[in-house]
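What follows is a set of notes on a single structure, which appears directly below.
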2 protein chains.
Amino acid sequence: MNAIILSIGDELTLGQTIDTNSAWLSQQLAAVGCDILAHATLPDHQKLIEQAIQEAAGRCDFLIITGGIGPTEDDLTRQALASVMGVDLEMNEKWLHRLQAFFRARSREMPESNKIQAMIPRGATMIENTNGTAAGIHAFLPHSPGEPASAGGSKTNCQIFITPGVPKEMKAMFTLDILPHIQSTTSGAVILSRTLHTFGLGESWIAEKLGPLMHRTRNPSVGTTVSNGIVSLRINSRFDSRQLAQQKLDETLTACRAALGDLIFGEESQTMQEVVGHSLAPSRLTVTTAESCTGGLLAKMLTDTPGSSAYFKTGFITYSNEAKHELLGVPMELIAEHGAVSEPVVRAMAQAARQRAHADLSLAISGIAGPTGGTPQKPVGTVCIALACKTDHAPKPNARTFNFPGDREMIRDRSAKMALTILRFHLLNKPLPF
Amino acid sequence: MNAIILSIGDELTLGQTIDTNSAWLSQQLAAVGCDILAHATLPDHQKLIEQAIQEAAGRCDFLIITGGIGPTEDDLTRQALASVMGVDLEMNEKWLHRLQAFFRARSREMPESNKIQAMIPRGATMIENTNGTAAGIHAFLPHSPGEPASAGGSKTNCQIFITPGVPKEMKAMFTLDILPHIQSTTSGAVILSRTLHTFGLGESWIAEKLGPLMHRTRNPSVGTTVSNGIVSLRINSRFDSRQLAQQKLDETLTACRAALGDLIFGEESQTMQEVVGHSLAPSRLTVTTAESCTGGLLAKMLTDTPGSSAYFKTGFITYSNEAKHELLGVPMELIAEHGAVSEPVVRAMAQAARQRAHADLSLAISGIAGPTGGTPQKPVGTVCIALACKTDHAPKPNARTFNFPGDREMIRDRSAKMALTILRFHLLNKPLPF
């Protein structure tokens with residue numbers, strides 16, 4: 001079974017509102033095994049809406065339309081459907097009474113314009129709205145124009161559902177009414193999905209490691225997306241039974257984990273700072289930060305997570321050389337000799353911060369976030385990161401130099417995430433895999 | 001002139017990612033007088049992409065396609081365009097060299113799979129990507145299949161632009177390359193837009209102050225949007241001549257500024273931290289921060305702006321009571337008496353931080369970001385902010401207590417923005433207007 005989602009409204013095509021309904025509906029439909037052929041967004045323009053309904057009805061089993069059924073003149077979705085169906089709009093007396101009661105209960109007179117919200121194309125069915133005044137509409141259209149529509153049987157018909165654009169009203173209507181309709185029609189195919197997150201290596205490197213797992217025709221399928229330096233794998237398992245879909249999903253998850261190991265830091269909505277926090281909290285270890293180019297971003301990320309006060313108490317932002325010297329006692333000669341962006345300096349920052357904050361662990365970052373300040377030896381994007389720990393076996397804290405691409409914001413973001421990654425591998429007691 | 005926007009990616013049609021590109025592009029296109037006929041979102045499925053390109057090219061002047069040009073097998077947008085154009089993909093040597101240099105600069109070998117990112121349909125033009133590895137594509141397709149495409153002249157041709165789906169890369173490519181192409185083709189009615197930003201008072205309060213300026217039928221129109229606590233006014237001036245559109249726009253801008261005064265902190269892409277930085281830099285004043293609940297966010301925001309080292313040198317993150325005492329010398333008795341979230345404590349934090357950092361100004365924040373830690377007297381969202389300055393006329397720094405709504409992330413964000421607002425009004429030598 002497959003579906004198309006249409007979102008109607010000038011505010012969407014003018015870019016004044018971001019459409020979140022389509023994504024939500026897609027998740028719901030995918031979960032019951034429904035393929036999404038397309039989303040489309042159209043302005044409040046009756047002819048364009050009619051064309052889109054006609055075209056979509058020709059090639060999908062379910063057409064979900066949100067928006068354009070308000071009480072104002074620019075709401076034209078119901079008129080467009082009636083026109084495509086070749087019928088008139090007629091008053092639904094049941095909903096008209098509900099509308100009148102709705103206004104009576106608020107001691108207001110119902111504006112004449114609201115009456116349109118009780119009108120639906122002849123032959124269509126009204127869908128109740130538990131959260132607002134616009135009734136939804138359920139109708140059938142033949143896949144080929146000209147043929148007669150008949151209720152039921154998706155072979156020849158497209159089932160059309162119209163809901164308000166207001167997310168709260170749409171969601172309630174979909175869950176209470178539309179989803180049961182769809183489930184009673186669909187056979188049993190199920191899509192189960194999972195997402196795994198990695199950081200530190202590029203998308204193409206991840207794709208090479210995954211190899212045949214990413215083949216286009218594989219089921220479960222494995223795809224990658226990148227967002228703010230985080231490469232995520234999306235695994236979709238599509239089978240006739242939930243049990244088989246789950247079993248195959250689990251097998252593919254195991255194979256992805258085997259291929260990428262600890263590069264995977266979390267799954268679904270987990271953030272890197274959350275994962276690091278979860279490993280720090282039970283260990284009763286505390287961590288402090290000494291930041292130059294990131295200017296507080298690393299500490300901000302560490303304290304994003306509720307309960308972070310268990311492991312984070314103190315942070316130092318030493319943006320200038322003088323601050324590095326005065327707050328952390330980094331010798332001015334060391335800075336003069338190696339430069340503020342150097343492994344010796346971040347080592348000294350990390351060590352001093354750890355001691356002064358009485359912390360078990362310490363992360364220090366110094367780098368050139370740009371856009372200016374780069375040199376041929378140390379171009380913009382050069383960032384040194386050190387980790388100091390109480391039980392250092394080595395005489396000196398570990399330090400590494402990275403070269404991050406992008407602009408100031410990206411370089412600062414990647415620096416903080418890399419510092420968290422270094423801490424995560426330290427807590428795993430493993431070397432960085434890159 | 002009109003346009004259609006296609007967004008490509010399974011993550012979009014599966015509802016795992018919300019498409020924000022289409023809204024952004026629509027705003028940009030509307031601003032140059034381009035009507036949006038539709039947005040459509042398609043899965044990574046070559047046949048479906050081909051159909052959509054063919055269909056869209058038949059009825060619009062500009063077709064903007066985002067996504068599906070990554071290095072992996074599920075990226076099929078370039079292949080789909082080549083197929084519709086009836087040509088092969090060919091290697092763009094210039095971009096291949098750029099790709100190779102990109103990987104060399106990072107001392108990594110270029111994976112073989114990345115080569116596809118330098119391939120474009122024969123007859124198309126490469127668009128540079130200043131933020132990533134995927135080159136964009138610019139091509140022409142005739143409105144009716146079968147007719148020959150010829151560069152220029154929108155009467156018979158649709159201009160197609162393909163950009164990466166990564167918003168940052170897409171935006172840079174659109175602004176630098178695609179928009180100038182479109183502007184050189186469009187003519188006629190002009191829409192000029194401006195955006196003004198306010199912080200500190202709600203949308204309905206702003207709407208009341210603006211009164212008739214916000215009437216639906218007014219031209220230029222004034223609308224409000226809210227994003228992360230910032231209430232922005234968008235003014236659209238649509239007239240036949242650029243001169244008239246500009247004159248009317250200027251008049252409306254003046255009226256908005258008269259109504260809202262210094263509540264307006266900036267315009268267009270200006271951020272609050274940028275504006276504060278711009279007033280700090282010429283004054284040669286320095287500022288330091290002492291943060292508890294915001295955990296470094298305020299310092300991070302102050303250092304977002306390039307050149308911030310001129311006024312920001314040092315910051316203190318004192319998340320625990322002990323840190324407030326040890327780093328800043330806040331008496332433990334003061335904390336015991338008033339609580340860590342209190343005006344006396346933030347005053348002490350601000351004063352000590354200013355002195356220890358040898359700064360002219362100092363901002364201190366202590367609050368309850370939640371989700372736990374609230375009490376009936378000090379519920380979640382209670383935040384105290386103090387500003388200390390060298391030339392304090394008053395014996396003690398100013399402090400204020402706020403109550404911010406929302407979750408942890410919102411409370412931290414609003415706290416940092418309010419601290420910046422307090423600093424901004426201090427630099428204006430005016431009292432807070434709320």
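Every chain in the structure tokens has a letter given in the order shown (A, B, ...), and although residue numbers restart at 1 in each chain, ligands are simply numbered from 1 in the order shown.
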
Dump as a compact mmCIF listing (two decimals) with N, CA and C atoms, in the first residue's frame the residues of chain B that approach chain A to within 7 Å, counting only C-alpha atoms.
```txt
# COMPACT_ATOMS: atom_id res chain seq x y z
N LEU B 12 13.23 12.19 4.55
CA LEU B 12 12.12 13.16 4.53
C LEU B 12 10.78 12.45 4.36
N THR B 13 10.70 11.53 3.38
CA THR B 13 9.40 10.88 3.15
C THR B 13 9.07 9.88 4.24
N LEU B 14 10.09 9.43 4.98
CA LEU B 14 9.81 8.56 6.12
C LEU B 14 9.48 9.37 7.36
N GLY B 15 9.61 10.68 7.27
CA GLY B 15 9.26 11.53 8.40
C GLY B 15 10.34 11.60 9.46
N GLN B 16 11.55 11.11 9.14
CA GLN B 16 12.62 11.12 10.15
C GLN B 16 13.27 12.49 10.25
N THR B 17 13.20 13.26 9.18
CA THR B 17 13.74 14.61 9.17
C THR B 17 12.66 15.55 8.67
N ILE B 18 12.56 16.71 9.28
CA ILE B 18 11.59 17.71 8.81
C ILE B 18 12.29 18.61 7.81
N THR B 20 13.22 21.75 6.21
CA THR B 20 13.20 23.19 6.47
C THR B 20 13.71 23.96 5.25
N SER B 22 12.71 23.90 2.08
CA SER B 22 11.68 24.42 1.18
C SER B 22 11.15 25.76 1.69
N ALA B 23 10.95 25.86 3.01
CA ALA B 23 10.44 27.10 3.57
C ALA B 23 11.46 28.23 3.38
N TRP B 24 12.71 27.93 3.65
CA TRP B 24 13.76 28.95 3.49
C TRP B 24 13.84 29.42 2.04
N SER B 26 11.58 29.23 -0.23
CA SER B 26 10.37 29.95 -0.61
C SER B 26 10.45 31.42 -0.20
N GLN B 27 10.96 31.66 1.01
CA GLN B 27 11.11 33.04 1.47
C GLN B 27 12.02 33.82 0.54
N ALA B 30 10.24 34.34 -2.85
CA ALA B 30 9.16 35.32 -2.75
C ALA B 30 9.73 36.72 -2.70
N ILE B 36 5.60 30.65 -5.80
CA ILE B 36 5.91 29.22 -5.59
C ILE B 36 4.67 28.42 -5.98
N LEU B 37 4.78 27.59 -7.01
CA LEU B 37 3.64 26.77 -7.43
C LEU B 37 3.46 25.57 -6.51
N ALA B 38 4.56 25.01 -6.03
CA ALA B 38 4.47 23.82 -5.17
C ALA B 38 5.82 23.48 -4.58
N HIS B 39 5.78 22.81 -3.42
CA HIS B 39 6.93 22.05 -2.92
C HIS B 39 6.57 20.58 -3.13
N ALA B 40 7.55 19.77 -3.42
CA ALA B 40 7.28 18.33 -3.39
C ALA B 40 8.46 17.62 -2.78
N THR B 41 8.19 16.58 -2.04
CA THR B 41 9.23 15.79 -1.37
C THR B 41 9.16 14.37 -1.90
N LEU B 42 10.30 13.82 -2.29
CA LEU B 42 10.32 12.50 -2.90
C LEU B 42 11.34 11.61 -2.22
N PRO B 43 11.10 10.30 -2.23
CA PRO B 43 12.09 9.38 -1.68
C PRO B 43 13.28 9.23 -2.64
N PRO B 71 27.67 11.07 -1.64
CA PRO B 71 28.54 10.10 -2.30
C PRO B 71 28.03 8.66 -2.26
N THR B 72 26.86 8.41 -1.68
CA THR B 72 26.47 7.02 -1.48
C THR B 72 25.45 6.56 -2.53
N GLU B 73 25.21 5.25 -2.53
CA GLU B 73 24.40 4.62 -3.58
C GLU B 73 22.96 5.09 -3.58
N ASP B 74 22.49 5.57 -2.43
CA ASP B 74 21.09 6.00 -2.39
C ASP B 74 20.93 7.45 -2.85
N ARG B 106 43.34 17.38 4.42
CA ARG B 106 43.01 16.69 5.68
C ARG B 106 43.82 15.42 5.85
N PRO B 111 37.97 8.54 -0.71
CA PRO B 111 37.33 7.26 -1.06
C PRO B 111 36.84 7.33 -2.51
N SER B 113 34.27 6.35 -3.79
CA SER B 113 32.85 6.70 -3.92
C SER B 113 32.62 8.21 -4.01
N ASN B 114 33.57 9.00 -3.53
CA ASN B 114 33.39 10.46 -3.57
C ASN B 114 33.47 11.03 -4.99
N ASN B 131 31.03 24.96 1.16
CA ASN B 131 30.97 24.35 2.49
C ASN B 131 31.00 22.84 2.50
N THR B 294 23.44 28.32 33.18
CA THR B 294 23.67 28.34 31.74
C THR B 294 24.96 27.60 31.36
N GLY B 295 25.79 27.27 32.34
CA GLY B 295 26.92 26.36 32.12
C GLY B 295 27.86 26.69 30.99
N GLY B 296 28.01 27.96 30.62
CA GLY B 296 28.94 28.32 29.56
C GLY B 296 28.24 28.88 28.32
N LEU B 297 26.92 28.78 28.29
CA LEU B 297 26.18 29.23 27.09
C LEU B 297 26.34 30.72 26.83
N ALA B 299 28.89 32.69 27.66
CA ALA B 299 30.23 32.94 27.13
C ALA B 299 30.34 32.44 25.70
N LYS B 300 29.74 31.28 25.44
CA LYS B 300 29.72 30.74 24.07
C LYS B 300 29.08 31.74 23.12
N THR B 303 31.26 34.70 22.41
CA THR B 303 32.41 34.39 21.55
C THR B 303 31.97 33.82 20.20
N PRO B 306 33.18 36.64 15.40
CA PRO B 306 34.61 36.81 15.14
C PRO B 306 35.08 38.15 15.71
N SER B 309 37.55 38.44 20.81
CA SER B 309 38.68 38.48 21.74
C SER B 309 39.01 39.92 22.15
N LYS B 313 37.76 38.00 27.44
CA LYS B 313 39.05 37.36 27.71
C LYS B 313 38.89 36.12 28.57
N THR B 314 37.98 36.19 29.54
CA THR B 314 37.91 35.20 30.60
C THR B 314 36.46 34.93 30.96
N GLY B 315 36.13 33.68 31.27
CA GLY B 315 34.81 33.38 31.79
C GLY B 315 34.89 32.31 32.87
N PHE B 316 33.96 32.39 33.83
CA PHE B 316 33.94 31.42 34.93
C PHE B 316 32.66 30.61 34.85
N ILE B 317 32.79 29.28 34.93
CA ILE B 317 31.59 28.46 35.04
C ILE B 317 31.61 27.85 36.44
N THR B 318 30.67 28.31 37.26
CA THR B 318 30.63 27.86 38.65
C THR B 318 29.27 27.19 38.85
N TYR B 319 29.27 25.90 38.49
CA TYR B 319 28.01 25.15 38.45
C TYR B 319 27.60 24.72 39.84
N SER B 320 28.58 24.40 40.68
CA SER B 320 28.29 23.95 42.06
C SER B 320 28.50 25.09 43.04
N ALA B 323 32.17 25.59 43.71
CA ALA B 323 32.87 26.33 42.65
C ALA B 323 32.62 27.84 42.81
N PRO B 371 14.90 19.79 34.68
CA PRO B 371 13.48 19.66 35.04
C PRO B 371 13.25 19.52 36.55
```

* To do: Using DSSP on the backbone coordinates, identify all residues within stretch 248-409 of chain B classified as helix (DSSP H, G or I); present the result as a PyMOL selection string.
  => chain B and resi 248-263+272-283+297-302+308-310+321-328+332-338+343-356+408-409

* Can you check which residues of stretch 160-339 of chain A DSSP gives as strand (DSSP E) on the backbone and send them as number ranges by chain? => A: 160-163, 190-199, 221-227, 230-239, 264-267, 287-291, 312-318

* Distance in Å - atom CA of A:Phe174 versus atom CA of A:Gly136 ->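 Straight-line distance from atom CA of A:Phe174 to atom CA of A:Gly136 works out to 9.8 Å.
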
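Among the candidates B:Ala105, B:Ile235, B:Ile137, B:Leu427, the residue lying nearest to A:Pro376 is B:Ala105 (atoms considered: only C-alpha atoms).
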
* Asked: Quick one: residues within 7 Å of B:Cys158, only C-alpha atoms counted, chain neighbours fewer than 5 positions away excluded, as a list in words?
  ->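 So the residues in contact are Ala57, Cys60, Asp61, Phe62, Leu63, Phe140, Leu141, Pro142 and His143 of chain B.
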
* Asked: So which one's closest to B:Gln117, B:Thr175, B:Ser415, B:Ser144, B:Thr77? Using only C-alpha atoms, please.
  ->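 Checking each candidate against B:Gln117, we get B:Thr77 as the closest.
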
* Asked: Counting only C-alpha atoms, what is within 10 Å of A:Gly86, bar same-chain residues fewer than 4 positions away, as a list in words?
  ->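 Residues meeting the cut-off are Ala80, Leu81, Ala82, Pro121, Arg122 and Gly146 of chain A.
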
Any chance you can output those residues with all heavy atoms as a tab-separated table (two decimals), in the first residue's frame?
```tsv
chain	number	residue	atom	x	y	z
A	80	ALA	N	-12.07	22.25	-3.99
A	80	ALA	CA	-11.26	21.56	-5.00
A	80	ALA	C	-11.62	20.08	-5.08
A	80	ALA	O	-11.76	19.52	-6.16
A	80	ALA	CB	-9.77	21.73	-4.66
A	81	LEU	N	-11.82	19.44	-3.93
A	81	LEU	CA	-12.17	18.01	-3.95
A	81	LEU	C	-13.54	17.82	-4.61
A	81	LEU	O	-13.71	16.91	-5.44
A	81	LEU	CB	-12.18	17.43	-2.52
A	81	LEU	CG	-12.63	15.98	-2.44
A	81	LEU	CD1	-11.73	15.05	-3.25
A	81	LEU	CD2	-12.69	15.49	-0.98
A	82	ALA	N	-14.51	18.67	-4.24
A	82	ALA	CA	-15.85	18.55	-4.83
A	82	ALA	C	-15.76	18.68	-6.35
A	82	ALA	O	-16.38	17.91	-7.09
A	82	ALA	CB	-16.78	19.62	-4.25
A	121	PRO	N	-18.33	17.47	0.17
A	121	PRO	CA	-18.79	17.07	-1.17
A	121	PRO	C	-19.86	15.97	-1.05
A	121	PRO	O	-19.73	15.08	-0.19
A	121	PRO	CB	-17.53	16.52	-1.85
A	121	PRO	CG	-16.39	17.12	-1.09
A	121	PRO	CD	-16.87	17.26	0.32
A	122	ARG	N	-20.89	16.02	-1.90
A	122	ARG	CA	-21.92	14.99	-1.89
A	122	ARG	C	-21.25	13.63	-2.12
A	122	ARG	O	-20.40	13.47	-2.99
A	122	ARG	CB	-22.97	15.28	-2.97
A	122	ARG	CG	-24.18	14.35	-2.88
A	122	ARG	CD	-25.47	14.91	-3.54
A	122	ARG	NE	-25.24	16.06	-4.40
A	122	ARG	CZ	-24.96	15.96	-5.72
A	122	ARG	NH1	-24.86	14.80	-6.31
A	122	ARG	NH2	-24.80	17.06	-6.42
A	146	GLY	N	-13.20	9.35	-14.67
A	146	GLY	CA	-14.24	8.85	-15.56
A	146	GLY	C	-14.86	7.56	-15.05
A	146	GLY	O	-16.05	7.35	-15.18
```

* Surrounding residues of B:Leu213 excluding itself and chain neighbours under 2 positions, 8 Å, only C-alpha atoms, as a PyMOL selection string -> chain B and resi 210-211+215+218+221-222+252+256
